[in-house]
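Written out below as C-alpha cells is the structure these notes cover.
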Amino acid sequence: MMYDCRKGECGLCEVTILDVDGVVDHRDVFLSRRQQASGRSLCTCVSRVVPAGGGAGRAARVAVDLP
Ligand code: FES
C-alpha cells in the first residue's frame with residue numbers, strides 16, 4: 001500500500017471499493033464531495049467503514065481493490 005501524508009491530503013492511499021456492508025466514513029480532504037458521495041473509493045489512511053445506522057456492536061465490512 002502506497003502512502004505519504006497519512007492525513008487524507010495526498011490521495012496516494014486511495015483504493016477502489018468493490019463492495020461495502022456499512023457506511024463509508026470519509027475523513028480525507030483529497031476526494032471531492034462528489035467522489036465521496038459516489039462510494040467508489042476511499043483513502044485508507046484516515047477513512048473507515050462504520051455500521052449502517054451507527055449500531056453499536058454491529059460489524060461493518062469493505063472489500064477493496066488493492067493496487
Ligand atoms: S496517505 Fe495521503 S491521503 Fe492517505
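Just so we're on the same page: first chain in the C-alpha cells is A, next is B, and so on; residues restart at 1 for each chain, and ligands are numbered from 1 in the order they show up.
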
Residues at most 12 Å from ligand 1, using only C-alpha atoms and all ligand atoms? Could they come as a list in words?
->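 Residues satisfying the distance criterion: Met1, Met2, Tyr3, Asp4, Cys5, Arg6, Lys7, Gly8, Glu9, Cys10, Gly11, Leu12, Cys13, Glu14, Val15, His26, Arg27, Asp28, Val29, Phe30, Leu31, Ser41, Leu42, Cys43, Thr44, Cys45, Val46, Ser47 and Arg48 of chain A.
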
Keeping only C-alpha atoms, write the selected residues to a file as an mmCIF file, in the first residue's frame.
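The file below, part.cif, is the result:
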data_model
loop_
_atom_site.group_PDB
_atom_site.id
_atom_site.type_symbol
_atom_site.label_atom_id
_atom_site.label_comp_id
_atom_site.auth_asym_id
_atom_site.auth_seq_id
_atom_site.Cartn_x
_atom_site.Cartn_y
_atom_site.Cartn_z
ATOM 1 C CA MET A 1 0.000 0.000 0.000
ATOM 2 C CA MET A 2 1.473 3.321 -1.017
ATOM 3 C CA TYR A 3 1.006 6.273 1.301
ATOM 4 C CA ASP A 4 2.662 9.557 2.063
ATOM 5 C CA CYS A 5 0.857 12.164 4.154
ATOM 6 C CA ARG A 6 -1.269 9.846 6.328
ATOM 7 C CA LYS A 7 -3.554 12.838 6.814
ATOM 8 C CA GLY A 8 -6.007 12.373 3.957
ATOM 9 C CA GLU A 9 -4.425 15.058 1.805
ATOM 10 C CA CYS A 10 -2.337 13.451 -0.954
ATOM 11 C CA GLY A 11 -4.511 10.595 -2.258
ATOM 12 C CA LEU A 12 -1.699 8.049 -2.594
ATOM 13 C CA CYS A 13 -3.546 5.574 -0.384
ATOM 14 C CA GLU A 14 -6.779 5.786 -2.407
ATOM 15 C CA VAL A 15 -8.331 2.397 -3.185
ATOM 16 C CA HIS A 26 -14.728 9.715 4.621
ATOM 17 C CA ARG A 27 -12.252 11.677 6.709
ATOM 18 C CA ASP A 28 -9.954 12.802 3.921
ATOM 19 C CA VAL A 29 -9.804 16.135 2.142
ATOM 20 C CA PHE A 30 -8.372 14.663 -1.074
ATOM 21 C CA LEU A 31 -11.574 13.289 -2.615
ATOM 22 C CA SER A 41 -13.213 4.871 -3.421
ATOM 23 C CA LEU A 42 -11.715 5.829 -0.091
ATOM 24 C CA CYS A 43 -8.422 6.991 1.337
ATOM 25 C CA THR A 44 -7.379 4.211 3.658
ATOM 26 C CA CYS A 45 -5.091 6.274 5.882
ATOM 27 C CA VAL A 46 -7.923 8.174 7.526
ATOM 28 C CA SER A 47 -11.286 6.869 6.293
ATOM 29 C CA ARG A 48 -13.160 3.836 7.546
#

Can you list, as a PyMOL selection string, every protein, DNA or RNA residue that comes within 9 Å of Leu18 in chain A when you count only C-alpha atoms, leaving out same-chain residues fewer than 6 positions away?
-> chain A and resi 40-41+62-65

Please identify all polymer residues within 8 Å of Val23 in chain A, counting only C-alpha atoms, omitting same-chain residues fewer than 5 positions from it, and present them as a PyMOL selection string.
-> chain A and resi 49-52+60

Please save N, CA and C atoms of the selected residues as a PDB file, in the first residue's frame.
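Printed below is selection.pdb as written:
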ATOM      1  N   VAL A  49     -15.027   2.313   7.475  1.00  0.00           N
ATOM      2  CA  VAL A  49     -16.411   1.903   7.244  1.00  0.00           C
ATOM      3  C   VAL A  49     -17.039   1.636   8.600  1.00  0.00           C
ATOM      4  N   VAL A  50     -18.210   2.207   8.811  1.00  0.00           N
ATOM      5  CA  VAL A  50     -18.916   2.044  10.084  1.00  0.00           C
ATOM      6  C   VAL A  50     -20.253   1.361   9.805  1.00  0.00           C
ATOM      7  N   PRO A  51     -20.816   0.705  10.809  1.00  0.00           N
ATOM      8  CA  PRO A  51     -22.109   0.043  10.614  1.00  0.00           C
ATOM      9  C   PRO A  51     -23.195   1.040  10.202  1.00  0.00           C
ATOM     10  N   ALA A  52     -24.049   0.647   9.290  1.00  0.00           N
ATOM     11  CA  ALA A  52     -25.172   1.495   8.889  1.00  0.00           C
ATOM     12  C   ALA A  52     -26.056   1.750  10.097  1.00  0.00           C
ATOM     13  N   ALA A  60     -19.069  -3.929  10.317  1.00  0.00           N
ATOM     14  CA  ALA A  60     -19.063  -3.273   9.018  1.00  0.00           C
ATOM     15  C   ALA A  60     -17.897  -3.861   8.234  1.00  0.00           C
TER      16      ALA A  60
END

Step one, run DSSP on the backbone; step two, keep only residues of chain A assigned to helix (DSSP H, G or I); then write them as a list in words.
-> Arg33, Arg34, Gln35, Gln36, Ala37, Ser38, Ala52, Gly53 and Gly54 of chain A

Interatomic distance between CA of Arg58 in chain A and CA of Arg33 in chain A?
-> 26.6 Å
